[in-house]
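Engineer: Can you keep this structure in mind? I'll have questions shortly.
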Protein chains: 2
Amino acid sequence: MDVTRELARFVVQSEYRSIPEAARRETVRSLVNWIGCALGGAKHEAVDRALEALADYAALPQATVLGRVERLDTLHAALVNGIASHVLDFDDTDLRTLLHPSVPVAAALMALAERRKMGGAEFIHAFVLGVEIEGRIAHSICENHNLDWYITGTAGPFGAAAAVGKVLGLDEQRMAWALGIAATEGAGLRQMAGTMAKALVHGRAAQNGLYAALLAARGFTSSEQAIEGPHGFAKAVGRGADVRALAEGLGESYQIMRNAYKPYACGVVAHAAIDGCLTLRAQHALETSRIDRVRLTVHPKALELTGIKSPRSGLESKWSLFHSAAVALVRGKAGEVEYGDRWVLDPGVKALRERVEAAQDAGLRQDEAHLAISLSDGRVLEHHVEHAVGSVANPMTDAQLEMKFVGLAEDVLPRTQVDDVMRLCWSAGGLEDIADIARMCVPRTPGADRPTQDMEAL
Amino acid sequence: MDVTRELARFVVQSEYRSIPEAARRETVRSLVNWIGCALGGAKHEAVDRALEALADYAALPQATVLGRVERLDTLHAALVNGIASHVLDFDDTDLRTLLHPSVPVAAALMALAERRKMGGAEFIHAFVLGVEIEGRIAHSICENHNLDWYITGTAGPFGAAAAVGKVLGLDEQRMAWALGIAATEGAGLRQMAGTMAKALVHGRAAQNGLYAALLAARGFTSSEQAIEGPHGFAKAVGRGADVRALAEGLGESYQIMRNAYKPYACGVVAHAAIDGCLTLRAQHALETSRIDRVRLTVHPKALELTGIKSPRSGLESKWSLFHSAAVALVRGKAGEVEYGDRWVLDPGVKALRERVEAAQDAGLRQDEAHLAISLSDGRVLEHHVEHAVGSVANPMTDAQLEMKFVGLAEDVLPRTQVDDVMRLCWSAGGLEDIADIARMCVPRTPGADRPTQDMEAL
């Protein structure tokens with residue numbers, strides 16, 4: 001059972017024409033969502049701090065930091081764009097595994113695209129394949145993690161390595177080495193939730209996978225049984241997970257079709273409760289002052305993952321079902337801004353947060369929730385959410401993705417440029433040079449540190 | 001039990017004058033051994049391939065690749081010098097845990113030293129502290145790995161982060177973040193044994209720890225309970241290891257005192273058997289043609305770790321007790337050359353390897369072995385090795401370290417330069433600028449790609 005080699009062979013032999021139109025289309029939606037998240041995250045303090053720390057060592061101006069004027073070497077652009085596109089916890093999710101598929105793959109590919117010309121179809125093809133490999137590894141092996149590891153930190157490097165390896169034209173032997181190097185670099189502890197290091201784990205997945213493919217391309221060797229070997233990834237990271245299903249049915253359907261996009265900037269398991277709060281707020285023109293108590297009933301994973309009762313920072317609030325419900329009721333939305341320090345520390349939100357209670361019910365799905373809001377006049381408003389917006393059963397529409405994109409990008413780029421970038425993303429499959437998107441993500445505002453022209457001349 | 005913070009506090013508060021003279025002295029011996037290994041590894045194919053792969057992306061000429069004319073940015077110099085100094089499997093070992101203490105710490109510190117001036121005493125102090133932290137983590141947590149992970153890949157980043165953090169003057173809060181970032185980047189699968197990716201794991205430990213300290217220095221946050229938290233390092237990587245002993249007795253004794261140096265360029269658990277082969281060969285002027293059969297009795301870990309019967313490459317041969325015994329009997333030594341492809345494929349060595357048998361005896365120590373060599377004339381030569389050379393009980397002398405150093409360095413640097421570097425290393429504690437050692441490790445030979453003067457001007 002040489003599954004490492006089987007996966008490598010599939011990636012090497014895959015042809016673009018074999019990728020169904022629906023999968024290409026979903027990949028474009030993933031790209032739109034990913035670029036929006038990267039732009040929205042570009043001004044986050046975590047990105048500022050990473051750039052300050054690395055500027056001296058990563059100053060070869062090879063690739064764009066999306067949404068900023070700084071340029072970095074290719075490897076660090078993958079890292080920093082990975083951090084930026086995940087730091088808001090607003091990027092996409094495979095709802096079976098909670099893998100975030102796009103960050104590792106897209107951040108690695110886009111950084112490389114500015115150094116090595118890559119057509120839009122080539123990019124989409126590599127993107128689909130990267131998501132395929134990391135998604136299969138996540139599902140077959142990493143779910144055995146028991147929640148100690150970030151699944152994107154361990155499975156993500158395989159996705160980035162496969163995608164970049166495809167673009168570099170690796171043969172089967174070198175692709176197997178690339179997957180092997182990715183296997184030995186998987187890392188990332190869930191203990192980092194609520195800190196900048198969580199985003200670092202996700203950026204590292206992109207950078208490590210890119211390293212893996214670049215090294216393997218030059219003949220840097222690794223185990224050829226990195227996944228299935230006696231001390232391999234499945235044994236060590238997957239705690240003995242069974243790898244037999246890993247390569248079954250390759251090419252028959254595509255993991256990208258399961259990709260889900262978040263309407264709210266927080267842990268996805270809180271989304272059904274947020275949906276319910278927004279619905280009740282709208283239906284009853286609810287004012288916070290009338291709310292006595294909010295009772296949520298949710299899937300156990302919602303409490304496991306977003307159980308922080310009193311978050312102290314924006315990053316922590318993304319892991320708080322209680323903040324999520326309270327801020328959604330106060331603000332009527334739960335976007336990037338609502339998970340910033342401003343609203344976490346807001347007295348009204350804090351007071352309401354104290355009046356939110358949550359119970360778990362293993363009979364619910366993860367995208368399902370029940371709400372009962374008691375009012376000061378004695379009434380109780382109830383609502384049941386069958387499938388949260390953004391779930392596979394209730395996906396975000398293209399129009400909703402566009403609204404999300406604009407909301408994320410408009411603080412970073414002038415509005416006309418936002419529209420230009422979005423248009424380019426939708427037409428990605430036909431672009432002659434996918435890096436046009438990255439170049440379009442450099443702010444053209446007069447206030448920018450340096451004019452865009454200079455950057456392009458570098 | 002905030003052990004992450006306790007470790008951070010110890011590193012921050014430690015003063016150089018509190019480091020015993022014996023610990024400083026052992027650190028200098030570790031430095032001599034490490035520089036020798038880095039120089040010996042500099043011409044290895046793994047380093048060539050890594051440099052080819054990374055050259056385009058890592059070309060800021062900030063730090064020396066020891067033993068070569070190329071220069072790289074600081075972060076990649078730490079990586080590549082880490083790869084080079086481990087790829088021969090000739091670097092130092094904590095024999096309790098099989099941690100390789102110097103690679104992460106020294107490769108990170110030396111790369112930074114060329115960018116940020118570092119006195120010799122400052123370097124030695126940081127080195128001791130780095131080894132202290134990684135050694136404690138390795139012993140208390142990582143031994144629970146059950147051999148699936150490379151302990152240097154998981155514990156090593158803590159050492160590099162602590163050492164670099166000390167040099168950067170981090171306060172307790174930032175030191176705790178640095179250790180937290182190191183915790184979430186630990187990785188490395190034992191499945192990589194016998195491939196270049198094993199050395200990559202060790203170089204990555206240096207680079208990741210350096211990243212961790214640089215990021216934390218700029219306020220990039222991580223969990224403050226990265227080790228002991230409910231989804232922290234001890235739970236995830238250490239599989240629930242007990243962390244209570246981790247910070248006990250800090251400053252009372254130093255891990256560096258346990259450091260052991262290898263006389264042979266292979267897995268340390270094969271060393272006792274090699275000692276025995278060399279002794280019998282010398283005592284009896286043994287010729288290979290007279291040897292009928294070699295019977296080794298060794299600690300079970302020797303078969304577990306160096307059990308490859310028929311290695312196919314130099315890198316694999318380092319994990320073969322059978323090759324080790326055979327080549328020691330054929331060549332009368334077991335250095336870098338004896339673990340190269342040339343001797344692995346040698347017909348005489350291969351033929352003798354087939355006549356080597358090994359049995360395990362759990363009653364033996366890891367540095368102990370029994371040998372019985374049957375000769376064609378019917379005689380049986382027996383020998384018992386109590387403590388292999390290079391064990392803590394039978395350490396390499398300074399003179400032996402020097403011989404090893406010269407053997408490793410003389411193919412890379414002109415002989416006078418070898419002596420200059422060695423002299424600088426022995427006097428490290430008194431150097432005003434420790435980076436003088438790195439600069440002295442650039443080959444001055446006329447055949448070098450570029451003259452040294454140009455490199456220094458960069």
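Quick note on naming: the chains in the structure tokens go A, B, ... in the order shown, residues restart at 1 in each chain, and ligands are numbered from 1 in order of appearance.
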Would you mind listing, as number ranges by chain, all residues of chain B that have at least one atom within 8 Å of chain A, where only C-alpha atoms are what counts?
Structural biologist: B: 46, 49-50, 52-54, 57-60, 73-75, 147-149, 181, 183-198, 201, 214-215, 217-223, 225-226, 229-233, 235-236
Engineer: May I have the residues within 12 Å of Ala399 (chain B) as a CSV table (one decimal) with C-alpha atoms, in the first residue's frame, using only C-alpha atoms and disregarding those fewer than 6 positions away in the same chain?
Structural biologist:
```csv
chain,number,residue,atom,x,y,z
B,29,ARG,CA,33.7,21.6,23.4
B,32,VAL,CA,34.2,22.9,18.5
B,33,ASN,CA,32.4,19.7,17.7
B,263,PRO,CA,33.7,9.4,17.3
B,405,PHE,CA,37.6,18.4,13.7
B,406,VAL,CA,40.6,18.3,11.5
B,422,MET,CA,39.8,25.5,15.7
B,426,TRP,CA,38.6,27.0,21.7
```
Engineer: Report the distance between CA of Gly363 (chain B) and CA of Thr297 (chain B) in Å, rounded to one decimal place.
Structural biologist: 10.4 Å
Engineer: Could you find all residues in region 171-343 of chain B that DSSP calls strand (DSSP E) from the backbone, and write them as a list in words?
Structural biologist: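 Matching residues, listed in order: Asn259, Ala260, Ile291, Asp292, Arg293, Val294, Arg295, Leu296, Thr297 and Val298 of chain B.
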Engineer: Can you tell me which residues surround region 344-358 of chain A at a distance of at most 6 Å, considering only C-alpha atoms, apart from same-chain residues fewer than 4 positions away, and format the answer as a PyMOL selection string?
Structural biologist: chain A and resi 293-297+322-323+326-327
Engineer: Store the residues of this selection in a file with N, CA and C atoms, as a PDB file, in the first residue's frame.
Structural biologist:
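This is the output file selection.pdb:
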```pdb
ATOM      1  N   ARG A 293     -32.419  37.178  28.778  1.00  0.00           N
ATOM      2  CA  ARG A 293     -31.552  35.998  28.768  1.00  0.00           C
ATOM      3  C   ARG A 293     -31.579  35.370  27.379  1.00  0.00           C
ATOM      4  N   VAL A 294     -30.424  34.849  26.937  1.00  0.00           N
ATOM      5  CA  VAL A 294     -30.336  34.168  25.645  1.00  0.00           C
ATOM      6  C   VAL A 294     -29.922  32.726  25.907  1.00  0.00           C
ATOM      7  N   ARG A 295     -30.758  31.802  25.496  1.00  0.00           N
ATOM      8  CA  ARG A 295     -30.425  30.383  25.704  1.00  0.00           C
ATOM      9  C   ARG A 295     -30.154  29.734  24.348  1.00  0.00           C
ATOM     10  N   LEU A 296     -28.932  29.224  24.180  1.00  0.00           N
ATOM     11  CA  LEU A 296     -28.536  28.572  22.934  1.00  0.00           C
ATOM     12  C   LEU A 296     -28.440  27.069  23.165  1.00  0.00           C
ATOM     13  N   THR A 297     -28.898  26.297  22.183  1.00  0.00           N
ATOM     14  CA  THR A 297     -28.637  24.850  22.214  1.00  0.00           C
ATOM     15  C   THR A 297     -27.877  24.522  20.932  1.00  0.00           C
ATOM     16  N   PHE A 322     -20.455  33.016  23.160  1.00  0.00           N
ATOM     17  CA  PHE A 322     -21.171  33.986  23.976  1.00  0.00           C
ATOM     18  C   PHE A 322     -20.995  35.396  23.404  1.00  0.00           C
ATOM     19  N   HIS A 323     -19.748  35.729  23.059  1.00  0.00           N
ATOM     20  CA  HIS A 323     -19.539  37.011  22.393  1.00  0.00           C
ATOM     21  C   HIS A 323     -20.258  37.048  21.048  1.00  0.00           C
ATOM     22  N   ALA A 326     -23.922  37.680  21.519  1.00  0.00           N
ATOM     23  CA  ALA A 326     -24.171  39.016  22.068  1.00  0.00           C
ATOM     24  C   ALA A 326     -23.908  40.099  21.019  1.00  0.00           C
ATOM     25  N   VAL A 327     -22.794  39.991  20.337  1.00  0.00           N
ATOM     26  CA  VAL A 327     -22.445  41.061  19.395  1.00  0.00           C
ATOM     27  C   VAL A 327     -23.386  41.035  18.189  1.00  0.00           C
TER      28      VAL A 327
END
```
Engineer: What is the CA of Ser310 (chain B) to CA of His100 (chain B) distance in Å?
Structural biologist: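 Taking CA of Ser310 (chain B) and CA of His100 (chain B), their separation equals 25.7 Å.
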Engineer: Show me, as a short mmCIF file (atom, residue, chain, number, x, y, z; two decimals) with C-alpha atoms, in the first residue's frame, the residues that have an atom within 7 Å of Asn259 (chain B) when counting only C-alpha atoms, minus same-chain residues fewer than 6 positions from it.
Structural biologist:
```cif
data_model
loop_
_atom_site.label_atom_id
_atom_site.label_comp_id
_atom_site.auth_asym_id
_atom_site.auth_seq_id
_atom_site.Cartn_x
_atom_site.Cartn_y
_atom_site.Cartn_z
CA ASP B 92 26.42 15.69 19.57
CA THR B 93 23.84 13.69 21.51
CA ASP B 94 22.14 13.71 24.88
#
```
Engineer: Based on the backbone DSSP call, show me all residues of region 114-149 of chain A assigned alpha helix (DSSP H), as a list in words.
Structural biologist: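 Of region 114-149 of chain A, the ones in alpha helix (DSSP H) are Gly120, Ala121, Glu122, Phe123, Ile124, His125, Ala126, Phe127, Val128, Leu129, Gly130, Val131, Glu132, Ile133, Glu134, Gly135, Arg136, Ile137, Ala138, His139 and Ser140 of chain A.
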Engineer: Residues as selected, C-alpha atoms, written as a tab-separated table (two decimals), in the first residue's frame, can you do that?
Structural biologist:
```tsv
chain	number	residue	atom	x	y	z
A	120	GLY	CA	-5.06	31.15	-14.77
A	121	ALA	CA	-6.03	27.63	-15.84
A	122	GLU	CA	-2.74	26.27	-14.54
A	123	PHE	CA	-3.38	28.02	-11.21
A	124	ILE	CA	-6.95	26.69	-10.93
A	125	HIS	CA	-5.80	23.17	-11.80
A	126	ALA	CA	-3.04	23.22	-9.16
A	127	PHE	CA	-5.46	24.75	-6.64
A	128	VAL	CA	-7.99	21.92	-7.15
A	129	LEU	CA	-5.26	19.29	-6.78
A	130	GLY	CA	-3.80	20.88	-3.66
A	131	VAL	CA	-7.21	21.00	-2.00
A	132	GLU	CA	-7.78	17.40	-3.07
A	133	ILE	CA	-4.63	16.09	-1.40
A	134	GLU	CA	-4.88	18.08	1.82
A	135	GLY	CA	-8.61	17.35	2.08
A	136	ARG	CA	-8.07	13.61	1.78
A	137	ILE	CA	-5.22	13.65	4.31
A	138	ALA	CA	-7.31	15.73	6.68
A	139	HIS	CA	-10.29	13.41	6.42
A	140	SER	CA	-8.48	10.08	6.50
```
Engineer: Can you list, as a CSV table (one decimal) with C-alpha atoms, in the first residue's frame, every protein, DNA or RNA residue that comes within 9 Å of Ser85 (chain B) when you count only C-alpha atoms, leaving out same-chain residues fewer than 2 positions away?
Structural biologist:
```csv
chain,number,residue,atom,x,y,z
B,34,TRP,CA,29.5,21.6,16.0
B,35,ILE,CA,31.7,23.7,13.8
B,36,GLY,CA,33.6,20.6,12.8
B,37,CYS,CA,30.4,18.9,11.8
B,38,ALA,CA,29.1,21.9,9.9
B,39,LEU,CA,32.3,22.1,7.9
B,40,GLY,CA,32.3,18.4,7.2
B,41,GLY,CA,28.7,18.5,6.1
B,42,ALA,CA,29.2,21.6,4.0
B,80,VAL,CA,21.3,25.4,5.9
B,81,ASN,CA,23.9,25.3,8.6
B,82,GLY,CA,21.5,23.2,10.6
B,83,ILE,CA,21.2,20.8,7.7
B,87,VAL,CA,23.6,15.5,7.7
B,88,LEU,CA,26.6,13.4,8.6
B,89,ASP,CA,24.9,12.2,11.8
B,90,PHE,CA,28.1,13.1,13.5
B,91,ASP,CA,26.9,15.9,15.8
B,103,VAL,CA,22.4,22.0,16.0
B,107,ALA,CA,22.9,27.2,14.0
B,199,ALA,CA,18.8,16.7,8.2
B,202,HIS,CA,17.2,19.3,12.3
B,203,GLY,CA,17.9,22.5,10.4
```
Engineer: Could you state the separation of CA of Leu413 (chain A) and CA of Met396 (chain A) in Å, given to one decimal place?
Structural biologist: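 That distance, rounded to one decimal, is 23.5 Å.
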Engineer: Show me, as a count of residues only, the residues that have an atom within 10 Å of Ser18 (chain A) when counting only C-alpha atoms, minus same-chain residues fewer than 4 positions from it.
Structural biologist: 4
